[in-house]
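One structure is given below, encoded as structure tokens.
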Amino acid sequence: MTDLAALRTQLEEMSAGVKDLINGAQTPDQLEQIRIDFLGKKGKLSQILGAMGKLPPADRPVIGALANEVKELVQSLLEEKKTALQQAEIARKLAAETIDVTMPGVFPWRLGRVHPITATIDRVLDIMVGLGYTVAQGPEVETDYYNFEALNTPADHPARDMQDTFYLQDGLLLRTHTSSVQIRFMEQNDPPIRIVCPGRVYRKDDVDATHFPMFHQVELLAVDEGLTFGDLKGTVRLLVEALFGGECEVRFRPSFFPFTEPSAEVDVKWQGRWLEIGGCGMVDPNVFKAVGYDPDLYTGFAWGLGIERLAMVLHQIDDIRRFFTSDWRFLQQFY
Ligand code: FA5
């Protein structure tokens, strides 16, 4: 016989028991089983609701309301527990899949190193800073004025053909040499000056074993009262000897640059022949005039050193293109 009190007791016991059951569930599968047992078609709640039909009609809404409460309770407990289990699973996975970034890699390790061109620039800068020079830099995209005009190379000067230029829009160009930094620095500073200026330069040169359209130069500039060509030669020799440990032949070959007078090329012996590594000379008085220095009071010397060529001689490299092909077999020699 079914009566109201018995069904009510069953529902109350159910709601008391289900909490512990759900709390104790360890996996989503166990949770699903509890759902089926309680809320499924043949579950406990359905059985109680089935028995409700045997109650007097006046008692049915009481049990119906209570059954609904129990159903909602079970559903919300299941939902809560499901979320908790999912979060625990995520936390477990995160802990299990943590990557130890400090673990050594698989041998052979390929650690990055300083590129031989950067290393050569750094060596030159180190030596020159040791001699009291300051590092100065300028932009790679230049105006005609800084790259040519102020360097005593007006538009109609035949020497413009010496450096085939990449012209950009609005009168801009890619600088063909680091000599532009001389002008920028002198405009902003008074003598005495001793600067060393590293950087990339660009020319429309055909590529061969000793030419590349983008290469690096380091420019030296010293301005003071009474500087002579002897100071220039001494500085060039000092740098070359510091780089090569005195085991390299150097020669000065008369040359021409619009911004120096007199001018010379510096050559070093490379694989049995002379290789030109840079142009140099005494700063032309017209350059001093362009930056507002008194050419009767000051003299100066400058040297533009081709870094790729220097690195080729230092490391006995036969072709400039090797520096720019990112070939691991080539680069690993410098480790
Ligand atoms: C100049 O660029 C002058 N500005 C140097 C200078 C500075 C003279 C200060 C006097 C006073 P030149 O065009 O010769 O000069 O270039 C200098 C060096 O850059 C060359 O000796 C060479 O070592 C290097 N060089 C020139 N063209 C290339 C190229 N296409 N690829 C690699 N290196 C190059």
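The chains in the structure tokens are called A, B, ... from first to last as shown; in each chain the residues are counted from 1, and the ligands are counted from 1 in the order shown.
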
Near-ligand residues for ligand 1, threshold 7 Å, only C-alpha atoms and all ligand atoms, as a ChimeraX atom specification: /A:162-163,176-179,203,205,210-215,217,219,257,259-260,263,265,276-281,302-309

Those same residues - C-alpha atoms - I'd like them written as a CSV table (one decimal), in the first residue's frame.
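So the final result, stored in again-v9.csv, reads:
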```
chain,number,residue,atom,x,y,z
A,162,MET,CA,82.6,55.5,-58.4
A,163,GLN,CA,79.7,54.3,-56.2
A,176,THR,CA,76.9,54.0,-50.3
A,177,HIS,CA,79.4,54.5,-47.5
A,178,THR,CA,79.7,55.3,-43.9
A,179,SER,CA,81.5,58.6,-44.7
A,203,ARG,CA,75.8,49.7,-53.9
A,205,ASP,CA,77.6,46.4,-57.6
A,210,THR,CA,84.8,40.2,-53.5
A,211,HIS,CA,81.7,42.3,-54.2
A,212,PHE,CA,78.2,42.2,-52.7
A,213,PRO,CA,75.4,44.8,-53.0
A,214,MET,CA,75.1,45.2,-49.2
A,215,PHE,CA,78.2,45.2,-47.1
A,217,GLN,CA,82.1,49.5,-43.4
A,219,GLU,CA,84.7,54.6,-40.8
A,257,PHE,CA,88.3,60.5,-53.2
A,259,PHE,CA,86.4,64.2,-49.7
A,260,THR,CA,90.1,63.6,-48.9
A,263,SER,CA,94.0,60.0,-50.7
A,265,GLU,CA,93.9,52.9,-50.7
A,276,GLU,CA,91.9,46.5,-51.1
A,277,ILE,CA,90.3,46.8,-47.7
A,278,GLY,CA,89.6,50.5,-47.5
A,279,GLY,CA,90.1,54.0,-48.8
A,280,CYS,CA,91.6,56.8,-46.6
A,281,GLY,CA,93.1,60.2,-46.7
A,302,ALA,CA,89.6,59.4,-42.3
A,303,TRP,CA,89.5,55.8,-43.3
A,304,GLY,CA,86.6,53.7,-44.6
A,305,LEU,CA,87.2,50.1,-44.0
A,306,GLY,CA,85.4,47.3,-45.9
A,307,ILE,CA,84.5,44.7,-43.2
A,308,GLU,CA,83.7,41.8,-45.4
A,309,ARG,CA,87.1,42.1,-47.1
```

Residues within 8 Å of Ile121 of chain A, only C-alpha atoms, excluding chain neighbours under 3 positions, as a PyMOL selection string: chain A and resi 117-118+124-125+198+218+307

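When atom CA of Leu7 of chain A is paired with atom CA of Leu66 of chain A, their separation reads 9.7 Å.
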
Shell around Leu227 of chain A at 10 Å using only C-alpha atoms, local window under 6 positions removed, as a list in words: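 Near neighbours after the sequence-gap exclusion: Met282, Tyr298, Thr299, Gly300 and Phe301 of chain A.
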
Minimum-distance residue to Val266 of chain A, chosen among A:Ile317, A:Ile48, A:Val240, A:Val283 (using only C-alpha atoms):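 Using only C-alpha atoms, the shortest distance to Val266 of chain A belongs to A:Val240.
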
Test item: residues at most 12 Å from segment 70-86 of chain A, only C-alpha atoms, excluding those fewer than 4 positions along its chain, as number ranges by chain: A: 8, 10-40, 43-46, 48-49, 63-66, 90-93

Selection near Ala159 of chain A, 10 Å with only C-alpha atoms, sequence-local residues under 4 positions removed, as a VMD selection string: chain A and resid 148 152 to 155 163 256 to 258

Contacts of Asp319 of chain A at 8 Å (only C-alpha atoms; same-chain gap of 4+ positions) as an mmCIF file with C-alpha atoms, in the first residue's frame:
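Resulting contents of out14.cif:
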```
data_model
loop_
_atom_site.group_PDB
_atom_site.id
_atom_site.type_symbol
_atom_site.label_atom_id
_atom_site.label_comp_id
_atom_site.auth_asym_id
_atom_site.auth_seq_id
_atom_site.Cartn_x
_atom_site.Cartn_y
_atom_site.Cartn_z
ATOM 1 C CA ASP A 208 81.392 38.352 -57.462
ATOM 2 C CA ALA A 209 83.908 36.827 -55.042
ATOM 3 C CA THR A 210 84.803 40.211 -53.511
ATOM 4 C CA MET A 312 87.975 37.400 -45.670
#
```

One-decimal distance in Å that lies between atom CA of Arg113 of chain A and atom CA of Gln332 of chain A: 8.6 Å

Counting only C-alpha atoms, the option among A:Thr165, A:Thr120, A:Ser180, A:Thr235 closest to Tyr145 of chain A: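 When distances to Tyr145 of chain A are compared using only C-alpha atoms, the smallest one comes from A:Ser180.
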